[in-house]
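A.B. asks: Supplied structure: query14.txt, compact mmCIF, C-alpha atoms.
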```txt
# COMPACT_ATOMS: atom_id res chain seq x y z
CA MET A 1 101.72 144.05 119.46
CA ALA A 2 102.40 146.68 122.08
CA GLU A 3 106.07 147.05 122.96
CA PRO A 4 106.86 146.65 126.65
CA THR A 5 107.64 150.04 128.17
CA GLU A 6 111.03 150.76 129.72
CA LEU A 7 109.43 150.46 133.11
CA GLU A 8 108.36 146.90 132.35
CA LYS A 9 111.67 145.86 130.88
CA ASP A 10 113.89 146.98 133.68
CA ASP A 11 113.22 146.25 137.34
CA THR A 12 115.93 148.60 138.60
CA ALA A 13 114.30 151.42 136.66
CA ALA A 14 111.64 151.58 139.39
CA GLY A 15 114.21 152.72 141.99
CA GLU A 16 115.56 155.43 139.71
CA ALA A 17 112.03 156.42 138.77
CA ALA A 18 111.19 156.93 142.46
CA ASN A 19 114.16 159.32 142.81
CA THR A 20 113.05 161.20 139.70
CA ALA A 21 109.50 161.39 141.10
CA HIS A 22 110.74 163.06 144.29
CA LEU A 23 112.73 165.60 142.28
CA VAL A 24 109.81 166.41 139.96
CA PHE A 25 107.54 166.74 143.00
CA ALA A 26 109.96 169.25 144.57
CA VAL A 27 110.06 171.39 141.41
CA ILE A 28 106.27 171.47 140.96
CA ALA A 29 105.74 172.13 144.70
CA ALA A 30 108.22 175.04 144.61
CA LEU A 31 106.12 176.67 141.87
CA ILE A 32 102.97 176.74 144.07
CA PRO A 33 104.12 179.58 146.40
CA VAL A 34 105.55 181.40 143.37
CA THR A 35 102.24 181.44 141.52
CA ILE A 36 100.37 182.51 144.69
CA ALA A 37 102.95 185.25 145.39
CA ILE A 38 102.25 186.69 141.93
CA SER A 39 98.64 187.36 143.03
CA PHE A 40 100.06 189.54 145.85
CA THR A 41 102.02 191.70 143.42
CA GLY A 42 100.40 194.68 141.83
CA TRP A 43 101.22 193.53 138.30
CA GLU A 44 98.82 194.82 135.71
CA GLN A 45 96.68 192.37 133.79
CA PRO A 46 97.15 190.52 131.51
CA TRP A 47 100.69 189.92 132.84
CA ARG A 48 99.50 188.45 136.13
CA VAL A 49 97.15 185.92 134.56
CA LEU A 50 99.69 185.07 131.85
CA ALA A 51 102.41 184.43 134.47
CA ASN A 52 99.98 182.29 136.53
CA LEU A 53 98.94 180.27 133.48
CA LEU A 54 102.53 179.83 132.31
CA ILE A 55 103.34 178.30 135.70
CA ALA A 56 100.24 176.07 135.52
CA VAL A 57 101.24 174.82 132.05
CA THR A 58 104.77 174.12 133.31
CA GLN A 59 103.43 172.20 136.32
CA ALA A 60 100.97 170.20 134.19
CA SER A 61 103.67 169.39 131.61
CA LEU A 62 106.09 168.13 134.27
CA LEU A 63 103.34 166.07 135.90
CA SER A 64 102.18 164.43 132.68
CA TRP A 65 105.69 163.92 131.32
CA PHE A 66 107.08 162.24 134.44
CA PHE A 67 104.26 161.12 136.78
CA MET A 68 101.95 160.03 133.96
CA HIS A 69 104.94 158.41 132.22
CA LEU A 70 104.38 160.17 128.89
CA ARG A 71 108.14 160.15 128.35
CA ARG A 72 108.11 156.33 128.41
CA SER A 73 104.82 155.92 126.54
CA ASP A 74 104.41 154.66 123.01
CA ARG A 75 103.48 156.91 120.12
CA LEU A 76 99.84 155.88 120.14
CA THR A 77 99.49 157.28 123.67
CA TRP A 78 101.15 160.51 122.53
CA VAL A 79 98.66 160.76 119.67
CA VAL A 80 95.71 160.34 122.08
CA ALA A 81 97.14 162.92 124.52
CA ALA A 82 97.88 165.35 121.68
CA ALA A 83 94.38 164.81 120.24
CA GLY A 84 92.83 165.92 123.54
CA LEU A 85 94.87 169.14 123.47
CA PHE A 86 94.31 169.68 119.74
CA PHE A 87 90.51 169.54 120.01
CA THR A 88 90.59 171.71 123.14
CA GLY A 89 92.56 174.19 121.02
CA ILE A 90 89.81 174.13 118.37
CA LEU A 91 87.19 174.55 121.11
CA PHE A 92 88.89 177.69 122.46
CA THR A 93 89.88 179.14 119.08
CA LEU A 94 86.46 178.93 117.47
CA THR A 95 84.57 179.95 120.62
CA LEU A 96 86.76 183.00 121.24
CA ALA A 97 86.86 183.88 117.54
CA ASP A 98 83.12 184.51 117.90
CA TYR A 99 82.78 186.04 121.37
CA VAL A 100 85.88 188.24 121.29
CA PHE A 101 85.38 189.67 117.83
CA ARG A 102 81.58 189.77 117.43
CA GLU A 103 81.43 193.41 118.61
CA LEU A 104 83.80 194.39 115.79
CA SER A 105 81.78 192.84 113.00
CA PRO A 106 79.43 195.08 110.97
CA ARG A 107 75.75 194.24 111.42
CA MET B 1 96.51 113.37 118.54
CA ALA B 2 98.29 115.05 121.45
CA VAL B 3 99.48 118.58 120.86
CA GLU B 4 103.07 119.31 121.76
CA PRO B 5 103.27 121.84 124.64
CA SER B 6 105.65 124.01 122.64
CA VAL B 7 102.87 124.73 120.15
CA LEU B 8 101.10 126.70 122.88
CA ALA B 9 104.10 128.96 123.46
CA PRO B 10 103.15 132.17 125.34
CA GLN B 11 103.91 134.47 122.39
CA ALA B 12 101.53 132.63 120.05
CA PRO B 13 97.94 133.92 119.93
CA VAL B 14 95.87 131.49 121.97
CA ALA B 15 92.12 131.03 122.29
CA HIS B 16 92.15 130.74 126.07
CA ALA B 17 93.63 132.81 128.87
CA GLY B 18 97.41 132.78 129.08
CA HIS B 19 99.15 131.92 132.32
CA GLY B 20 101.59 134.36 133.91
CA PRO B 21 103.57 133.84 137.10
CA HIS B 22 100.79 135.34 139.22
CA GLY B 23 97.64 134.87 137.20
CA THR B 24 96.19 135.03 133.75
CA HIS B 25 95.80 137.76 131.21
CA ALA B 26 92.46 138.10 129.44
CA HIS B 27 91.88 135.63 126.61
CA HIS B 28 91.70 138.25 123.86
CA PHE B 29 95.26 139.46 124.51
CA ASP B 30 98.45 137.77 123.40
CA ASN B 31 100.34 138.55 126.59
CA TRP B 32 100.53 140.80 129.66
CA GLU B 33 102.38 143.63 127.91
CA GLN B 34 99.66 143.88 125.30
CA GLN B 35 96.91 143.84 127.92
CA ARG B 36 98.65 146.47 130.04
CA GLY B 37 99.20 148.65 126.96
CA ALA B 38 95.49 148.44 126.09
CA GLU B 39 94.47 149.31 129.66
CA ARG B 40 96.71 152.39 129.70
CA LEU B 41 95.49 153.49 126.28
CA GLY B 42 91.87 153.11 127.37
CA MET B 43 92.44 155.47 130.29
CA TRP B 44 94.28 157.97 128.06
CA MET B 45 91.30 157.99 125.67
CA PHE B 46 88.93 158.62 128.57
CA LEU B 47 91.19 161.43 129.79
CA ALA B 48 91.14 163.01 126.30
CA THR B 49 87.33 163.28 126.65
CA GLU B 50 87.79 164.66 130.18
CA VAL B 51 90.13 167.37 128.88
CA LEU B 52 87.34 168.46 126.53
CA PHE B 53 84.78 168.24 129.35
CA PHE B 54 86.70 170.65 131.58
CA GLY B 55 87.82 172.56 128.48
CA GLY B 56 84.17 173.42 127.76
CA VAL B 57 83.63 174.93 131.21
CA MET B 58 86.94 176.76 131.07
CA ALA B 59 86.13 178.15 127.61
CA ALA B 60 82.82 179.51 128.95
CA TYR B 61 84.69 180.97 131.95
CA THR B 62 87.20 182.62 129.60
CA VAL B 63 84.45 184.28 127.56
CA TYR B 64 82.76 185.79 130.65
CA ARG B 65 86.06 186.77 132.23
CA LEU B 66 86.99 188.68 129.06
CA TRP B 67 83.58 190.39 129.13
CA PHE B 68 83.49 191.17 132.88
CA PRO B 69 87.14 191.34 134.04
CA VAL B 70 86.52 193.81 136.89
CA GLU B 71 83.72 191.79 138.50
CA PHE B 72 85.51 188.44 138.06
CA GLU B 73 88.67 189.79 139.70
CA ALA B 74 86.63 191.35 142.53
CA GLY B 75 84.93 188.01 143.20
CA SER B 76 88.24 186.15 143.04
CA SER B 77 89.79 188.48 145.64
CA ARG B 78 87.20 187.28 148.19
CA LEU B 79 88.25 183.60 147.84
CA ASN B 80 90.52 181.93 150.38
CA VAL B 81 93.90 181.66 148.69
CA LEU B 82 95.59 180.08 151.74
CA ILE B 83 93.25 177.06 151.73
CA ALA B 84 93.65 176.82 147.94
CA GLY B 85 97.44 176.79 148.35
CA ILE B 86 97.34 174.14 151.09
CA ASN B 87 95.07 172.03 148.88
CA SER B 88 97.49 172.40 145.96
CA VAL B 89 100.26 170.97 148.11
CA LEU B 90 98.04 168.14 149.44
CA LEU B 91 96.94 167.10 145.95
CA LEU B 92 100.45 167.27 144.52
CA THR B 93 101.76 165.16 147.41
CA SER B 94 99.04 162.59 146.70
CA SER B 95 100.26 162.50 143.09
CA LEU B 96 103.69 161.59 144.42
CA THR B 97 102.41 158.90 146.80
CA ILE B 98 100.30 157.20 144.12
CA THR B 99 103.33 157.18 141.80
CA LEU B 100 105.37 155.54 144.56
CA ALA B 101 102.50 153.05 145.01
CA ILE B 102 102.97 151.91 141.37
CA TYR B 103 106.65 151.22 141.96
CA ALA B 104 105.88 149.40 145.22
CA ALA B 105 103.24 147.24 143.49
CA LYS B 106 105.59 146.42 140.63
CA ALA B 107 108.43 145.45 142.98
CA GLY B 108 106.07 143.33 145.12
CA ARG B 109 106.64 145.52 148.23
CA ARG B 110 103.17 144.89 149.64
CA ARG B 111 103.51 146.92 152.86
CA ASP B 112 104.75 149.94 150.94
CA LEU B 113 101.90 149.51 148.45
CA ARG B 114 99.31 149.60 151.24
CA ARG B 115 101.05 152.53 152.92
CA TYR B 116 101.24 154.66 149.76
CA LEU B 117 97.66 153.87 148.73
CA GLY B 118 96.48 154.72 152.26
CA LEU B 119 98.45 157.98 152.21
CA THR B 120 96.97 158.91 148.83
CA ILE B 121 93.44 158.34 150.18
CA LEU B 122 94.15 160.38 153.34
CA LEU B 123 95.63 163.26 151.33
CA GLY B 124 92.57 163.24 149.05
CA LEU B 125 90.25 163.28 152.08
CA ALA B 126 92.27 166.10 153.64
CA PHE B 127 91.80 168.09 150.41
CA LEU B 128 88.03 167.55 150.64
CA GLY B 129 88.08 168.49 154.34
CA PHE B 130 89.73 171.84 153.58
CA LYS B 131 87.30 172.34 150.70
CA ALA B 132 84.38 171.78 153.10
CA VAL B 133 85.85 174.36 155.51
CA GLU B 134 86.24 176.75 152.60
CA TYR B 135 82.67 176.29 151.33
CA THR B 136 81.44 176.87 154.89
CA THR B 137 83.31 180.18 155.22
CA ASP B 138 82.13 181.16 151.73
CA TYR B 139 78.56 180.57 152.94
CA ARG B 140 79.11 182.57 156.14
CA GLU B 141 80.54 185.46 154.13
CA GLY B 142 77.45 185.45 151.93
CA LEU B 143 79.29 184.46 148.76
CA ILE B 144 76.39 182.31 147.51
CA PRO B 145 74.63 183.62 144.38
CA GLY B 146 70.95 184.32 144.94
CA PRO B 147 68.63 186.70 146.81
CA ASN B 148 70.93 186.81 149.88
CA PHE B 149 73.87 188.08 147.84
CA THR B 150 74.07 191.63 149.18
CA ARG B 151 76.31 194.64 148.79
CA ASP B 152 77.87 194.09 152.24
CA GLY B 153 81.60 193.48 152.14
CA TRP B 154 82.14 194.85 148.63
CA ALA B 155 84.46 197.84 148.60
CA SER B 156 83.32 199.39 145.33
CA PRO B 157 79.73 200.74 145.52
CA ASP B 158 79.19 200.63 141.75
CA LEU B 159 80.27 197.02 141.30
CA ASN B 160 77.79 195.06 139.15
CA LEU B 161 76.77 192.34 141.60
CA TYR B 162 74.96 190.27 138.96
CA ARG B 163 78.26 189.78 137.17
CA VAL B 164 80.06 189.03 140.46
CA GLN B 165 77.48 186.33 141.15
CA LEU B 166 78.21 184.90 137.71
CA PHE B 167 81.83 184.50 138.79
CA PHE B 168 80.69 182.61 141.89
CA ILE B 169 78.48 180.33 139.79
CA PHE B 170 81.58 179.42 137.76
CA TYR B 171 83.52 178.98 141.01
CA TYR B 172 80.99 176.53 142.48
CA VAL B 173 80.44 174.63 139.23
CA MET B 174 84.15 174.24 138.45
CA THR B 175 85.26 173.35 141.99
CA GLY B 176 82.13 171.18 142.41
CA LEU B 177 82.92 169.16 139.27
CA HIS B 178 86.46 168.81 140.55
CA VAL B 179 85.22 167.58 143.94
CA ILE B 180 83.00 164.97 142.19
CA HIS B 181 86.07 163.75 140.29
CA MET B 182 88.00 163.59 143.58
CA LEU B 183 85.22 161.50 145.18
CA ALA B 184 85.24 159.07 142.24
CA GLY B 185 89.02 158.78 142.47
CA ILE B 186 88.96 158.19 146.22
CA GLY B 187 86.30 155.49 145.69
CA VAL B 188 88.57 153.64 143.25
CA LEU B 189 91.55 154.12 145.57
CA ILE B 190 89.64 152.58 148.48
CA TYR B 191 88.75 149.60 146.24
CA LEU B 192 92.45 149.21 145.37
CA TYR B 193 93.44 149.54 149.03
CA VAL B 194 91.05 146.73 149.99
CA ARG B 195 92.52 144.57 147.21
CA ALA B 196 96.04 145.40 148.35
CA ALA B 197 95.12 144.58 151.95
CA ARG B 198 93.97 141.15 150.74
CA ASP B 199 97.26 140.72 148.82
CA ASP B 200 95.19 140.67 145.64
CA ILE B 201 97.46 142.99 143.60
CA ALA B 202 100.29 140.81 142.31
CA PRO B 203 103.35 142.53 140.77
CA ASP B 204 102.17 141.75 137.22
CA LYS B 205 98.84 143.47 137.97
CA TYR B 206 100.45 146.78 138.97
CA VAL B 207 98.82 148.42 135.96
CA ALA B 208 95.58 148.67 138.00
CA ILE B 209 97.42 151.20 140.19
CA GLU B 210 99.02 152.88 137.18
CA VAL B 211 95.72 153.37 135.32
CA THR B 212 94.12 154.81 138.46
CA SER B 213 97.14 157.08 138.91
CA LEU B 214 96.66 158.49 135.39
CA TYR B 215 93.15 159.57 136.38
CA TRP B 216 94.33 160.90 139.75
CA HIS B 217 97.11 162.96 138.13
CA PHE B 218 94.58 164.37 135.67
CA VAL B 219 92.42 165.54 138.59
CA ASP B 220 95.54 167.19 140.02
CA ILE B 221 96.23 168.90 136.68
CA VAL B 222 92.68 170.30 136.59
CA TRP B 223 93.30 171.79 140.04
CA MET B 224 96.57 173.33 138.79
CA PHE B 225 94.44 175.37 136.37
CA LEU B 226 91.55 176.07 138.76
CA LEU B 227 93.99 177.71 141.18
CA PRO B 228 95.10 180.52 138.81
CA LEU B 229 91.74 180.87 137.02
CA LEU B 230 89.52 181.11 140.11
CA TYR B 231 91.67 181.97 143.12
CA LEU B 232 94.44 184.06 141.57
CA ALA B 233 92.35 186.09 139.12
CA GLY B 234 92.08 188.92 141.63
CA THR B 235 94.80 190.39 143.81
CA HIS B 236 95.14 189.30 147.44
CA HIS B 237 96.49 191.17 150.43
CA GLY B 238 96.47 188.70 153.30
CA LEU B 239 96.33 185.01 154.19
CA HIS B 240 93.74 183.65 156.58
CA LEU B 241 92.44 180.16 157.26
CA PHE B 242 88.88 181.10 158.29
```
As structure tokens, how would this structure be written, given the file I've shared?

C.D. replies:
Amino acid sequence: MAEPTELEKDDTAAGEAANTAHLVFAVIAALIPVTIAISFTGWEQPWRVLANLLIAVTQASLLSWFFMHLRRSDRLTWVVAAAGLFFTGILFTLTLADYVFRELSPR
Amino acid sequence: MAVEPSVLAPQAPVAHAGHGPHGTHAHHFDNWEQQRGAERLGMWMFLATEVLFFGGVMAAYTVYRLWFPVEFEAGSSRLNVLIAGINSVLLLTSSLTITLAIYAAKAGRRRDLRRYLGLTILLGLAFLGFKAVEYTTDYREGLIPGPNFTRDGWASPDLNLYRVQLFFIFYYVMTGLHVIHMLAGIGVLIYLYVRAARDDIAPDKYVAIEVTSLYWHFVDIVWMFLLPLLYLAGTHHGLHLF
């Protein structure tokens, strides 16, 4: 049987959760002008794209951890979320292993 | 022989729907917690397939960007980064309002629930409005792949325009798929708003808002990656709305 989440157990948790949500929102929102400002710098690639993607991963992690309640979710939900990322990792690894290195292979 | 009421205690598996304070959970669940857990998990499984769906497009984008970095960055520099930034803020704010809607639904604050759901819908529509403005200016600037894609407006005379057009195909496909997801989300949000307006979302049915919010946040996360991949690939020098 599924365990009730913390949110379900505790009514007062909703008030605290709303405060946390505002804080998380502020942090993610503050990163938006930062990532855009990076595109105005003359940084050489790949540093610009890596910095932009690092910020995107940070934003997405904060959003899923707090807004999507991953931190209060059960392990089965974590497995499903991790499975999505794991298979996306396979998708990218095997695709790029071909396209990036095919020019190097002897014919 | 009469069955004692205690035999049908709520925690025991029962063949018919169980009765909560505001309604009934489905007959194949033991209780509300189990039903809510299953509903959340169902959405997470759907989102795992959605990650792979967008992952496929982004993997294709990555391959072509690695092959044609100059042309992809040149195309990206022509996109409107100010509108993209405004849309990032709008979508993130809608993620906050839908989260607050869950808490309002759970606490039985019906006016707040309607207000937050309404705000989420308006923010989503505002996003689409800016996107429409952006597509219109893209069209006026001739950034549509096809026979009308000319050399006008491109600084470098030896830029391979076929490859630049490929970037724009990715741009329209990726943002277009995102817009379709936004439309689906707004449709569900309007349905929930109508239910909330009829006082049809009791506190123990707040998971309807939560499951929708999972999808809505996912759409926001996709945008968080579209911004750097499409809009910030090239360098920018100025901000303009039109």

A.B. asks: Which one is closest to chain A: B:Phe130, B:Tyr171, B:Tyr215, B:Phe72? Count only C-alpha atoms.

C.D. replies: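 Closest candidate: B:Tyr215.
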
A.B. asks: What are the residues of chain B lining chain A at 6 Å or less? Count all atoms listed in the file, and put the answer as a PyMOL selection string.

C.D. replies: chain B and resi 33-34+48+52+59+103+214+221+224-225+228+232+235-236

A.B. asks: Just give me the residues with any atom within 10 Å of (98.2, 154.1, 137.2), file coordinates, counting all atoms listed in the file, written as an NGL selection string.

C.D. replies: (:A and (67-69)) or (:B and (39-40 or 43 or 98-99 or 101-102 or 206-217))

A.B. asks: Excluding B:Asp220 and its own-chain neighbours fewer than 5 positions away, which residues fall within 8 Å of it when counting only C-alpha atoms? Please give them as a VMD selection string.

C.D. replies: chain B and resid 91 to 92 95

A.B. asks: In Å, rounded to a single decimal, give me how far atom CA of B:Trp67 is from atom CA of B:Asn160.

C.D. replies: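 Separation between atom CA of B:Asn160 and atom CA of B:Trp67: 12.5 Å.
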
A.B. asks: Could you please determine the separation between atom CA of B:Thr62 and atom CA of B:Leu226 in Å, to one decimal place?

C.D. replies: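 We find that atom CA of B:Thr62 and atom CA of B:Leu226 lie 12.1 Å from each other.
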
A.B. asks: Please report, as JSON, the centre and edge lengths in Å to one decimal of an axis-aligned box covering all listed atoms of stretch 73-86 of chain B with 3 Å per side.

C.D. replies:
```
{"center_x": 91.2, "center_y": 182.7, "center_z": 145.7, "size_x": 18.5, "size_y": 23.2, "size_z": 18.0}
```

A.B. asks: Show me, as number ranges by chain, the residues that have an atom within 10 Å of B:Leu166 when counting all atoms listed in the file, minus same-chain residues fewer than 2 positions from it.

C.D. replies: B: 61, 64-65, 68, 71-72, 75, 145, 161-164, 168-171

A.B. asks: Can you tell me which residues surround B:Leu192 at a distance of at most 10 Å, considering only C-alpha atoms, apart from same-chain residues fewer than 2 positions away, and format the answer as a compact mmCIF listing (two decimals) with C-alpha atoms, in the coordinates of the input?

C.D. replies:
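What ended up in out.txt:
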```txt
# COMPACT_ATOMS: atom_id res chain seq x y z
CA LEU B 113 101.90 149.51 148.45
CA ARG B 114 99.31 149.60 151.24
CA LEU B 117 97.66 153.87 148.73
CA GLY B 118 96.48 154.72 152.26
CA ILE B 186 88.96 158.19 146.22
CA GLY B 187 86.30 155.49 145.69
CA VAL B 188 88.57 153.64 143.25
CA LEU B 189 91.55 154.12 145.57
CA ILE B 190 89.64 152.58 148.48
CA VAL B 194 91.05 146.73 149.99
CA ARG B 195 92.52 144.57 147.21
CA ALA B 196 96.04 145.40 148.35
CA ALA B 197 95.12 144.58 151.95
CA ARG B 198 93.97 141.15 150.74
CA ASP B 200 95.19 140.67 145.64
CA ILE B 201 97.46 142.99 143.60
CA ALA B 208 95.58 148.67 138.00
CA ILE B 209 97.42 151.20 140.19
CA THR B 212 94.12 154.81 138.46
```

A.B. asks: Could you jot down the atom CA of A:Val27 to atom CA of A:Leu62 separation for me, Å, one decimal place?

C.D. replies: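 Result for atom CA of A:Val27 versus atom CA of A:Leu62: 8.8 Å, one decimal.
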
A.B. asks: Which is closest to B:Phe167 among B:Phe242, B:Tyr231, B:Tyr116, B:Phe218, if we use all atoms listed in the file?

C.D. replies: B:Tyr231

A.B. asks: Find the spatial neighbours of B:Gln35, counting all atoms listed in the file, within a cut-off of 8 Å - ignore same-chain residues fewer than 4 positions away - and output them as number ranges by chain.

C.D. replies: B: 25-26, 29-31, 39

A.B. asks: Write the selection just made, keeping C-alpha atoms, as an mmCIF file, keeping the file's coordinate frame?

C.D. replies:
```
data_model
loop_
_atom_site.group_PDB
_atom_site.id
_atom_site.type_symbol
_atom_site.label_atom_id
_atom_site.label_comp_id
_atom_site.auth_asym_id
_atom_site.auth_seq_id
_atom_site.Cartn_x
_atom_site.Cartn_y
_atom_site.Cartn_z
ATOM 1 C CA HIS B 25 95.800 137.760 131.210
ATOM 2 C CA ALA B 26 92.460 138.100 129.440
ATOM 3 C CA PHE B 29 95.260 139.460 124.510
ATOM 4 C CA ASP B 30 98.450 137.770 123.400
ATOM 5 C CA ASN B 31 100.340 138.550 126.590
ATOM 6 C CA GLU B 39 94.470 149.310 129.660
#
```

A.B. asks: Find the spatial neighbours of B:Leu159, counting only C-alpha atoms, within a cut-off of 10 Å - ignore same-chain residues fewer than 6 positions away - and output them as a count of residues only.

C.D. replies: 4

A.B. asks: Which is closest to B:Leu241 among B:Val133, B:Ala126, B:Leu47, B:Val173, if we use only C-alpha atoms?

C.D. replies: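 Among the listed residues, B:Val133 lies closest to B:Leu241.
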